[in-house]
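Coordinates as given in target_11.txt (compact mmCIF, C-alpha atoms):
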```
# COMPACT_ATOMS: atom_id res chain seq x y z
CA MET A 1 -23.47 0.84 16.16
CA ALA A 2 -24.25 4.57 16.11
CA ASN A 3 -27.53 3.81 14.33
CA LYS A 4 -28.64 1.19 16.85
CA GLN A 5 -32.19 1.85 18.01
CA ILE A 6 -32.60 3.07 21.58
CA SER A 7 -35.74 0.95 21.86
CA GLN A 8 -33.53 -2.16 21.49
CA MET A 9 -31.04 -1.24 24.22
CA GLY A 10 -32.86 -2.47 27.30
CA LEU A 11 -33.48 0.94 28.88
CA PRO A 12 -36.33 1.21 31.40
CA LYS A 13 -39.57 1.47 29.44
CA SER A 14 -40.44 4.82 30.97
CA ILE A 15 -37.25 6.56 29.80
CA ALA A 16 -37.24 4.72 26.45
CA ASN A 17 -40.75 6.03 25.76
CA VAL A 18 -39.63 9.58 26.56
CA PHE A 19 -36.74 9.28 24.05
CA ALA A 20 -39.17 8.05 21.36
CA ALA A 21 -41.68 10.79 22.08
CA ARG A 22 -38.98 13.44 21.56
CA ASN A 23 -37.81 11.85 18.25
CA VAL A 24 -34.54 10.61 19.74
CA PHE A 25 -34.43 7.17 18.13
CA THR A 26 -30.79 6.13 17.77
CA ALA A 27 -27.63 6.09 19.84
CA LYS A 28 -26.23 8.79 17.56
CA ASP A 29 -29.25 11.02 18.24
CA ALA A 30 -28.79 10.69 22.01
CA LEU A 31 -25.00 10.94 22.20
CA SER A 32 -24.88 13.98 19.91
CA LEU A 33 -26.49 16.04 22.67
CA THR A 34 -25.02 17.14 25.98
CA GLU A 35 -26.57 15.92 29.22
CA PHE A 36 -28.10 19.34 29.86
CA GLU A 37 -29.60 19.44 26.34
CA LEU A 38 -31.11 16.01 26.97
CA MET A 39 -32.52 17.16 30.34
CA GLU A 40 -34.23 20.08 28.62
CA LEU A 41 -35.45 18.03 25.66
CA LEU A 42 -36.70 15.04 27.65
CA ASP A 43 -37.83 17.01 30.69
CA VAL A 44 -36.23 14.58 33.15
CA GLY A 45 -33.65 14.89 35.89
CA LEU A 46 -29.87 14.76 35.60
CA ALA A 47 -29.63 11.38 37.33
CA GLN A 48 -31.94 9.73 34.79
CA VAL A 49 -30.10 11.31 31.83
CA THR A 50 -26.67 10.34 33.19
CA SER A 51 -27.79 6.76 33.75
CA ALA A 52 -29.36 6.50 30.28
CA VAL A 53 -26.31 7.97 28.52
CA ALA A 54 -23.96 5.63 30.39
CA HIS A 55 -26.12 2.64 29.41
CA ILE A 56 -26.27 3.67 25.74
CA SER A 57 -22.53 4.34 25.61
CA GLU A 58 -21.70 0.96 27.13
CA ILE A 59 -23.75 -0.85 24.50
CA VAL A 60 -22.59 1.00 21.37
CA CYS A 61 -18.91 1.51 22.20
CA PRO A 62 -16.70 -1.31 20.87
CA PRO A 63 -15.08 -3.40 23.61
CA TYR A 64 -11.38 -3.13 24.32
CA GLN A 65 -9.18 -5.88 22.90
CA THR A 66 -5.84 -7.02 24.22
CA ALA A 67 -2.78 -7.58 22.07
CA LEU A 68 -3.10 -11.30 22.89
CA SER A 69 -6.71 -11.50 21.66
CA LEU A 70 -5.81 -9.68 18.43
CA MET A 71 -2.93 -12.08 17.82
CA GLU A 72 -5.19 -15.10 18.42
CA LEU A 73 -7.79 -13.64 16.03
CA ARG A 74 -5.16 -13.16 13.34
CA VAL A 75 -4.05 -16.78 13.67
CA GLN A 76 -7.68 -17.91 13.30
CA ASN A 77 -8.09 -15.75 10.17
CA GLU A 78 -4.69 -16.45 8.62
CA HIS A 79 -6.32 -17.03 5.22
CA LEU A 80 -7.47 -13.40 5.31
CA ALA A 81 -4.18 -12.00 6.62
CA GLY A 82 -1.84 -13.92 4.35
CA HIS A 83 1.23 -12.90 2.37
CA LEU A 84 2.78 -13.45 -1.03
CA PRO A 85 6.36 -14.60 -0.32
CA THR A 86 8.97 -12.81 -2.44
CA HIS A 87 11.43 -15.73 -2.03
CA MET A 88 13.93 -13.18 -0.67
CA LYS A 89 14.45 -14.59 2.79
CA GLY A 90 15.57 -11.46 4.61
CA LEU A 91 12.81 -9.30 3.14
CA ASP A 92 10.13 -11.92 3.77
CA GLU A 93 11.21 -12.23 7.40
CA ALA A 94 11.15 -8.44 7.84
CA LEU A 95 7.62 -8.26 6.40
CA CYS A 96 6.44 -11.26 8.46
CA GLY A 97 5.90 -13.45 5.40
CA GLY A 98 6.11 -11.27 2.29
CA ILE A 99 3.83 -8.85 0.46
CA PRO A 100 0.66 -8.63 2.62
CA PHE A 101 -2.87 -9.28 1.41
CA GLY A 102 -5.53 -6.58 1.51
CA VAL A 103 -3.32 -3.46 1.47
CA LEU A 104 -1.27 -1.36 -0.96
CA THR A 105 2.44 -2.10 -1.28
CA GLU A 106 4.46 0.52 -3.14
CA LEU A 107 7.75 0.01 -4.97
CA VAL A 108 9.47 3.35 -5.49
CA GLY A 109 12.79 4.12 -7.16
CA PRO A 110 14.52 5.66 -10.16
CA ALA A 111 14.18 4.30 -13.68
CA GLY A 112 16.23 1.18 -14.34
CA ILE A 113 16.69 0.27 -10.67
CA GLY A 114 14.61 -2.94 -10.79
CA LYS A 115 10.96 -2.11 -9.99
CA THR A 116 9.56 -3.90 -13.05
CA GLN A 117 11.92 -6.84 -12.44
CA PHE A 118 10.44 -7.10 -8.94
CA CYS A 119 6.89 -6.98 -10.34
CA LEU A 120 7.65 -9.68 -12.92
CA LYS A 121 8.97 -11.99 -10.21
CA LEU A 122 5.94 -11.35 -7.99
CA SER A 123 3.61 -12.04 -10.93
CA LEU A 124 5.38 -15.31 -11.55
CA LEU A 125 5.17 -16.32 -7.89
CA ALA A 126 1.45 -15.53 -7.67
CA SER A 127 0.75 -17.77 -10.67
CA LEU A 128 2.84 -20.73 -9.47
CA PRO A 129 1.20 -23.85 -8.00
CA ALA A 130 0.89 -23.79 -4.22
CA ASN A 131 3.35 -26.69 -3.80
CA TYR A 132 6.05 -24.45 -5.30
CA GLY A 133 5.30 -21.62 -2.89
CA GLY A 134 2.93 -19.74 -5.20
CA LEU A 135 -0.70 -18.64 -4.89
CA ASP A 136 -1.91 -20.79 -7.79
CA GLY A 137 -3.93 -17.94 -9.28
CA HIS A 138 -4.18 -15.35 -11.99
CA VAL A 139 -2.52 -11.92 -12.12
CA ILE A 140 -3.76 -8.62 -13.53
CA TYR A 141 -0.74 -6.58 -14.62
CA ILE A 142 -1.43 -2.96 -15.63
CA ASP A 143 1.55 -2.07 -17.82
CA VAL A 144 1.40 1.70 -18.23
CA GLU A 145 4.83 2.24 -19.79
CA SER A 146 4.95 -0.95 -21.92
CA LYS A 147 7.82 -2.36 -19.87
CA PHE A 148 6.29 -5.80 -19.32
CA SER A 149 8.40 -8.45 -21.06
CA SER A 150 7.05 -11.97 -21.60
CA ARG A 151 10.52 -13.13 -22.60
CA ARG A 152 12.04 -11.82 -19.37
CA LEU A 153 9.20 -13.40 -17.38
CA ILE A 154 9.91 -16.82 -18.90
CA GLU A 155 13.66 -16.36 -18.35
CA ILE A 156 13.09 -15.66 -14.66
CA GLY A 157 10.83 -18.73 -14.50
CA VAL A 158 13.32 -21.02 -16.25
CA LYS A 159 16.18 -19.93 -13.97
CA SER A 160 14.13 -19.94 -10.74
CA PHE A 161 11.89 -22.98 -11.33
CA PRO A 162 13.47 -25.11 -14.08
CA GLU A 163 11.41 -28.18 -13.15
CA ILE A 164 8.27 -26.26 -14.21
CA PHE A 165 9.42 -23.99 -17.02
CA HIS A 166 11.44 -26.59 -18.92
CA ARG A 167 8.08 -28.24 -19.64
CA LYS A 168 6.56 -26.25 -22.46
CA GLU A 169 2.94 -26.86 -21.50
CA MET A 170 3.55 -25.75 -17.89
CA ALA A 171 5.42 -22.62 -18.99
CA GLN A 172 2.54 -21.74 -21.30
CA GLU A 173 0.01 -22.31 -18.52
CA MET A 174 1.89 -20.07 -16.08
CA ALA A 175 2.32 -17.29 -18.67
CA GLY A 176 -1.36 -17.62 -19.61
CA ARG A 177 -2.40 -16.78 -16.05
CA ILE A 178 -0.88 -13.28 -16.27
CA HIS A 179 -3.28 -10.83 -17.93
CA VAL A 180 -1.63 -7.62 -19.17
CA LEU A 181 -3.61 -4.40 -19.58
CA ARG A 182 -2.06 -1.33 -21.27
CA PRO A 183 -4.24 1.76 -20.72
CA ALA A 184 -3.30 4.64 -23.02
CA SER A 185 -4.50 7.29 -20.58
CA LEU A 186 -5.72 7.87 -17.05
CA SER A 187 -9.31 8.11 -18.28
CA GLU A 188 -8.97 4.73 -20.00
CA PHE A 189 -7.56 3.27 -16.80
CA THR A 190 -10.46 4.76 -14.82
CA GLU A 191 -13.00 3.17 -17.15
CA SER A 192 -11.37 -0.23 -16.71
CA LEU A 193 -11.32 -0.18 -12.90
CA GLN A 194 -14.86 -1.48 -12.49
CA GLN A 195 -14.15 -4.32 -14.93
CA ILE A 196 -11.00 -5.11 -12.95
CA LYS A 197 -13.09 -5.36 -9.77
CA VAL A 198 -15.34 -7.96 -11.42
CA SER A 199 -12.33 -9.87 -12.79
CA LEU A 200 -10.80 -10.13 -9.33
CA LEU A 201 -13.66 -12.43 -8.35
CA GLN A 202 -14.46 -14.23 -11.58
CA ASN A 203 -10.91 -15.14 -12.62
CA GLN A 204 -9.40 -16.21 -9.29
CA VAL A 205 -7.00 -13.25 -9.40
CA LYS A 206 -4.37 -13.44 -6.65
CA LEU A 207 -2.28 -10.34 -7.45
CA LEU A 208 -2.87 -6.86 -8.93
CA VAL A 209 0.13 -4.91 -10.23
CA ILE A 210 0.04 -1.28 -11.43
CA ASP A 211 3.33 -0.30 -13.11
CA SER A 212 3.38 2.68 -12.73
CA MET A 213 0.82 4.94 -11.07
CA ALA A 214 3.00 8.02 -11.44
CA ALA A 215 3.18 7.58 -15.22
CA LEU A 216 -0.63 7.43 -15.39
CA VAL A 217 -1.21 10.58 -13.36
CA THR A 218 1.59 12.80 -14.62
CA GLY A 219 0.65 12.20 -18.22
CA GLU A 220 -2.51 14.29 -17.77
CA PHE A 221 -2.00 16.64 -14.82
CA GLU A 222 0.57 19.07 -13.53
CA HIS A 223 1.02 19.87 -9.85
CA GLY A 224 -1.92 21.19 -7.87
CA ALA A 225 -5.45 20.51 -6.70
CA PRO A 226 -6.82 18.82 -9.88
CA ARG A 227 -4.10 16.18 -9.81
CA GLN A 228 -4.41 15.57 -6.08
CA LYS A 229 -8.21 15.28 -6.32
CA THR A 230 -7.98 12.77 -9.17
CA LEU A 231 -5.20 10.86 -7.45
CA GLY A 232 -7.22 10.78 -4.22
CA TRP A 233 -10.18 9.16 -5.96
CA HIS A 234 -8.00 6.54 -7.64
CA VAL A 235 -6.03 5.60 -4.56
CA SER A 236 -9.28 5.23 -2.58
CA PHE A 237 -10.70 2.92 -5.23
CA ILE A 238 -7.51 0.86 -5.47
CA LYS A 239 -7.38 0.52 -1.67
CA SER A 240 -10.99 -0.66 -1.71
CA LEU A 241 -10.04 -3.27 -4.33
CA ALA A 242 -7.30 -4.58 -2.04
CA GLU A 243 -9.60 -4.74 0.98
CA PHE A 244 -12.54 -6.15 -0.98
CA SER A 245 -10.60 -8.94 -2.71
CA ARG A 246 -8.06 -9.66 0.09
CA ILE A 247 -5.18 -9.94 -2.38
CA PRO A 248 -1.79 -8.18 -2.52
CA VAL A 249 -1.86 -5.00 -4.60
CA VAL A 250 1.55 -3.74 -5.75
CA VAL A 251 1.93 -0.25 -7.25
CA THR A 252 5.16 1.22 -8.58
CA ASN A 253 6.05 4.89 -8.21
CA GLN A 254 8.74 7.09 -9.69
CA VAL A 255 11.03 9.62 -8.05
CA ARG A 256 11.56 13.34 -8.40
CA SER A 257 13.99 15.94 -7.16
CA GLN A 258 13.27 17.33 -3.72
CA SER A 259 12.43 21.01 -3.44
CA ARG A 260 13.81 23.22 -0.69
CA ASP A 261 10.43 23.49 1.04
CA GLU A 262 10.08 19.69 1.20
CA THR A 263 13.35 18.99 2.97
CA CYS A 264 11.74 17.96 6.27
CA HIS A 265 8.42 16.15 6.39
CA TYR A 266 8.65 15.04 10.01
CA PHE A 267 9.75 16.69 13.22
CA PHE A 268 12.57 14.20 13.81
CA GLN A 269 14.13 15.16 10.47
CA VAL A 270 14.48 18.86 11.30
CA GLN A 271 17.72 20.31 10.00
CA SER A 272 18.91 23.60 8.60
CA TRP A 273 19.03 24.35 4.87
CA ASN A 274 22.83 24.62 5.12
CA GLU A 275 22.97 21.08 6.50
CA THR A 276 20.78 19.93 3.63
CA ILE A 277 23.19 21.48 1.11
CA GLU A 278 26.03 19.56 2.75
CA ASP A 279 23.99 16.36 2.51
CA ARG A 280 23.41 16.98 -1.20
CA THR A 281 27.12 17.30 -1.84
CA ARG A 282 27.95 14.33 0.35
CA HIS A 283 25.38 12.08 -1.33
CA ASP A 284 25.13 11.50 -5.06
CA SER A 285 21.56 12.86 -5.38
CA HIS A 286 18.60 13.86 -3.21
CA LEU A 287 15.32 12.41 -4.40
CA VAL A 288 11.87 11.70 -2.98
CA ALA A 289 8.95 9.56 -4.08
CA ALA A 290 6.59 11.17 -6.58
CA LEU A 291 2.84 11.76 -6.09
CA GLY A 292 3.12 13.62 -2.80
CA ILE A 293 2.53 13.14 0.89
CA ASN A 294 -1.17 12.19 0.59
CA TRP A 295 -0.26 9.25 -1.60
CA ALA A 296 2.49 8.27 0.86
CA HIS A 297 -0.09 8.08 3.66
CA ALA A 298 -2.34 5.85 1.51
CA VAL A 299 0.20 3.05 1.03
CA THR A 300 0.75 0.59 3.87
CA ILE A 301 4.15 -0.75 2.80
CA ARG A 302 6.75 1.34 0.97
CA LEU A 303 9.77 -0.45 -0.45
CA VAL A 304 12.43 1.86 -1.86
CA LEU A 305 14.84 0.56 -4.51
CA GLU A 306 17.95 2.74 -4.68
CA ALA A 307 21.63 2.77 -5.63
CA LYS A 308 24.32 4.05 -3.29
CA SER A 309 28.10 3.81 -3.56
CA GLY A 310 27.81 1.48 -6.54
CA GLN A 311 25.46 -0.93 -4.76
CA ARG A 312 21.68 -1.43 -5.16
CA PHE A 313 19.50 -1.68 -2.05
CA ILE A 314 15.90 -2.61 -1.25
CA LYS A 315 14.83 -0.48 1.68
CA VAL A 316 11.81 -1.04 3.93
CA ALA A 317 11.01 2.66 4.31
CA LYS A 318 7.46 2.31 5.66
CA SER A 319 5.77 -0.61 7.36
CA PRO A 320 3.55 -1.01 10.42
CA ILE A 321 5.26 -4.30 11.29
CA ALA A 322 8.93 -3.88 10.36
CA PRO A 323 11.74 -1.50 11.35
CA PRO A 324 13.47 0.51 8.59
CA LEU A 325 15.93 -1.92 7.00
CA ALA A 326 18.04 -1.99 3.83
CA PHE A 327 19.07 -5.13 1.92
CA PRO A 328 21.78 -5.07 -0.77
CA PHE A 329 20.72 -6.81 -3.99
CA ASN A 330 21.71 -7.64 -7.54
CA ILE A 331 19.57 -8.32 -10.59
CA THR A 332 20.38 -11.74 -12.03
CA SER A 333 18.92 -13.98 -14.71
CA SER A 334 16.57 -15.38 -12.04
CA GLY A 335 15.40 -11.92 -10.96
CA ILE A 336 16.28 -9.90 -7.88
CA LEU A 337 18.71 -11.64 -5.54
CA LEU A 338 19.55 -10.40 -2.04
CA LEU A 339 23.28 -10.37 -1.28
CA SER A 340 22.56 -10.66 2.44
CA ASP A 341 19.52 -11.68 4.45
CA ASP A 342 20.66 -9.48 7.33
CA GLY A 343 19.09 -6.05 6.93
CA ILE A 344 21.01 -2.88 7.67
CA GLU A 345 19.07 -0.82 10.20
CA LEU A 346 18.33 2.75 9.12
CA THR A 347 17.81 5.93 11.13
CA GLY A 348 16.96 9.59 10.51
CA PRO A 349 16.84 11.05 6.98
CA ASP A 350 18.26 7.86 5.43
CA ILE A 351 14.83 6.26 5.90
CA ASN A 352 13.11 8.56 3.39
CA THR A 353 15.99 9.80 1.23
CA ILE A 354 16.36 7.97 -2.10
CA HIS A 355 19.86 7.65 -3.51
CA CYS A 356 20.48 7.30 -7.20
CA GLN A 357 24.17 6.90 -7.90
CA GLY A 358 24.71 5.93 -11.50
CA HIS A 359 21.03 6.31 -12.47
CA ASN A 360 20.28 9.57 -14.31
CA ASP A 361 16.98 8.60 -15.92
CA ILE A 362 14.85 10.43 -13.35
CA ILE A 363 11.34 11.79 -13.72
CA ASN A 364 11.35 15.43 -12.58
CA PHE A 365 7.86 16.87 -12.28
CA GLY A 366 9.17 20.41 -12.23
CA GLY A 367 10.53 19.94 -15.73
CA GLU A 368 14.08 20.85 -14.68
CA SER A 369 17.19 18.76 -15.19
CA LEU A 370 18.65 17.07 -12.16
CA GLN A 371 22.16 17.59 -13.43
```

What does the file become when written as structure tokens?
Amino acid sequence: MANKQISQMGLPKSIANVFAARNVFTAKDALSLTEFELMELLDVGLAQVTSAVAHISEIVCPPYQTALSLMELRVQNEHLAGHLPTHMKGLDEALCGGIPFGVLTELVGPAGIGKTQFCLKLSLLASLPANYGGLDGHVIYIDVESKFSSRRLIEIGVKSFPEIFHRKEMAQEMAGRIHVLRPASLSEFTESLQQIKVSLLQNQVKLLVIDSMAALVTGEFEHGAPRQKTLGWHVSFIKSLAEFSRIPVVVTNQVRSQSRDETCHYFFQVQSWNETIEDRTRHDSHLVAALGINWAHAVTIRLVLEAKSGQRFIKVAKSPIAPPLAFPFNITSSGILLLSDDGIELTGPDINTIHCQGHNDIINFGGESLQ
């Protein structure tokens, strides 16, 4: 709207001609100047300038929308604002339907906690026929650390949907819809992104999984500006893929030890260093998501998988539509299974802290042991 021509805005012809004669052609040209600058440039009075600016502003400024009108618009465009159900009732209810289309959803947690298991189940669900609650489409699975297991995928399918996967031809069809890419480096991944964008349209892709982004980036860069610049470009491109294709995009992330300077990211988490030391001794470990705060701002949904007091939890740590909740879970032959559909509400530092009791296989970007 900023580039809308002033000649098309219905101003009185006399004042519109003055704007054109002074090379003020668009709304942006006019509104970038103060009223006094316009008076001097156009050689007209304050009343005429004020009236013209008000008229231009009214036309180019977007109208206000009520919460009711936005809700009605979302209902009308439900096919664009859909979700991939996880078949975990409590989590799906918290996320208003499941993993949302058109945005980045991050799974973060220590090694061995269940991130890849989650991704395998989501891949299976996206490929299932619609009458079984799936998206009836193809999946692109970027397997950076070679953790994708076809055998495990079929096992989850057989246990979760025996009526489909006990028929050999159906099992083969479902597995054939999941396309696995294993880039050997970040540069190889970068080269494949444009091809991925084309595939999203040509192959009826309904889910993109990147497992894991941290492994791609940390294999080539240390801390600092080069890594953040490269990461910024990639996250922007991946976000554009999600928005362009209107599909769920799921990216896994690793964890690292938290440095002293990073103890408090937000004002409501302010605490002294002595209190933080007490927290570290009270909890089994003190970890944060890798890739930094800029990456954290880029993802729309952050699901943390952690272990605390001998129990695994899925935690909704960031969401524009859900409160911070934690759901206990186990990993079974049919995939991740919630032990309760009633989420435990979280407050304060527990929202962002990642616990790792019994899991020592942690990526530490500083190169120091966590022990």

**Report entry** Between atom CA of Ala130 of chain A and atom CA of Ser319 of chain A - distance in Å to one decimal
**Finding:**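 Separation between atom CA of Ser319 of chain A and atom CA of Ala130 of chain A: 26.4 Å.
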
**Report entry** Nearest-residue call for Ala47 of chain A, choices A:Ile15, A:Leu73, A:Leu325, A:Val288, using all atoms listed in the file
**Finding:**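 For Ala47 of chain A, the nearest of the candidates is A:Ile15.
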
Query raised in the report: Can you list, as a ChimeraX atom specification, every protein, DNA or RNA residue that comes within 12 Å of Gly343 of chain A when you count only C-alpha atoms, leaving out same-chain residues fewer than 2 positions away?
Result: /A:88-95,313-316,322-329,338-341,345-346

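In terms of minimum interatomic distance to Cys96 of chain A, A:Pro320 ranks closest within A:Gly348, A:Gly45, A:Pro320, A:Gly137, counting only C-alpha atoms.
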
**Report entry** Residue nearest Ile321 of chain A - candidates A:Ile301, A:Lys308, A:Glu106, A:Asp43, atoms counted: only C-alpha atoms
**Finding:** A:Ile301

Could you add whatever atoms are missing so that segment 134-144 of chain A carries all heavy atoms, then write the result as a compact mmCIF listing (two decimals), in the coordinates of the input?
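Below you can see out-v6.txt, which holds the result:
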```txt
# COMPACT_ATOMS: atom_id res chain seq x y z
N GLY A 134 3.71 -20.77 -4.55
CA GLY A 134 2.93 -19.74 -5.20
C GLY A 134 1.51 -19.67 -4.67
O GLY A 134 1.13 -20.38 -3.73
N LEU A 135 0.70 -18.81 -5.30
CA LEU A 135 -0.70 -18.64 -4.89
C LEU A 135 -1.66 -19.36 -5.82
O LEU A 135 -2.87 -19.33 -5.60
CB LEU A 135 -1.05 -17.14 -4.84
CG LEU A 135 -0.25 -16.27 -3.86
CD1 LEU A 135 -0.74 -14.83 -3.90
CD2 LEU A 135 -0.32 -16.83 -2.44
N ASP A 136 -1.12 -19.97 -6.87
CA ASP A 136 -1.91 -20.79 -7.79
C ASP A 136 -3.10 -20.01 -8.35
O ASP A 136 -4.23 -20.50 -8.39
CB ASP A 136 -2.41 -22.06 -7.09
CG ASP A 136 -2.80 -23.16 -8.08
OD1 ASP A 136 -2.40 -23.06 -9.25
OD2 ASP A 136 -3.51 -24.08 -7.66
N GLY A 137 -2.84 -18.78 -8.78
CA GLY A 137 -3.93 -17.94 -9.28
C GLY A 137 -3.54 -17.15 -10.50
O GLY A 137 -2.49 -17.37 -11.11
N HIS A 138 -4.41 -16.23 -10.85
CA HIS A 138 -4.18 -15.35 -11.99
C HIS A 138 -3.67 -13.99 -11.51
O HIS A 138 -3.81 -13.65 -10.33
CB HIS A 138 -5.47 -15.17 -12.80
CG HIS A 138 -5.88 -16.41 -13.54
ND1 HIS A 138 -5.89 -16.50 -14.91
CD2 HIS A 138 -6.30 -17.62 -13.10
CE1 HIS A 138 -6.29 -17.70 -15.29
NE2 HIS A 138 -6.55 -18.40 -14.20
N VAL A 139 -3.10 -13.23 -12.43
CA VAL A 139 -2.52 -11.92 -12.12
C VAL A 139 -3.06 -10.91 -13.13
O VAL A 139 -3.13 -11.20 -14.33
CB VAL A 139 -0.98 -11.94 -12.20
CG1 VAL A 139 -0.39 -10.55 -11.98
CG2 VAL A 139 -0.40 -12.94 -11.20
N ILE A 140 -3.47 -9.74 -12.65
CA ILE A 140 -3.76 -8.62 -13.53
C ILE A 140 -2.59 -7.64 -13.43
O ILE A 140 -2.28 -7.14 -12.35
CB ILE A 140 -5.08 -7.92 -13.17
CG1 ILE A 140 -6.26 -8.86 -13.41
CG2 ILE A 140 -5.25 -6.64 -13.98
CD1 ILE A 140 -7.61 -8.26 -13.05
N TYR A 141 -1.94 -7.42 -14.56
CA TYR A 141 -0.74 -6.58 -14.62
C TYR A 141 -1.05 -5.37 -15.50
O TYR A 141 -1.21 -5.50 -16.71
CB TYR A 141 0.43 -7.38 -15.19
CG TYR A 141 1.79 -6.76 -14.98
CD1 TYR A 141 2.73 -7.37 -14.16
CD2 TYR A 141 2.16 -5.58 -15.62
CE1 TYR A 141 3.99 -6.82 -13.97
CE2 TYR A 141 3.41 -5.02 -15.43
CZ TYR A 141 4.33 -5.64 -14.61
OH TYR A 141 5.57 -5.09 -14.43
N ILE A 142 -1.15 -4.18 -14.89
CA ILE A 142 -1.43 -2.96 -15.63
C ILE A 142 -0.09 -2.33 -16.01
O ILE A 142 0.62 -1.79 -15.18
CB ILE A 142 -2.29 -2.00 -14.79
CG1 ILE A 142 -3.60 -2.70 -14.43
CG2 ILE A 142 -2.56 -0.71 -15.56
CD1 ILE A 142 -4.49 -1.91 -13.49
N ASP A 143 0.23 -2.44 -17.28
CA ASP A 143 1.55 -2.07 -17.82
C ASP A 143 1.45 -0.71 -18.50
O ASP A 143 1.25 -0.61 -19.71
CB ASP A 143 2.00 -3.16 -18.80
CG ASP A 143 3.38 -2.88 -19.39
OD1 ASP A 143 4.18 -2.19 -18.73
OD2 ASP A 143 3.63 -3.35 -20.52
N VAL A 144 1.62 0.35 -17.73
CA VAL A 144 1.40 1.70 -18.23
C VAL A 144 2.47 2.13 -19.23
O VAL A 144 2.17 2.78 -20.23
CB VAL A 144 1.35 2.70 -17.05
CG1 VAL A 144 1.13 4.12 -17.55
CG2 VAL A 144 0.25 2.31 -16.07
```
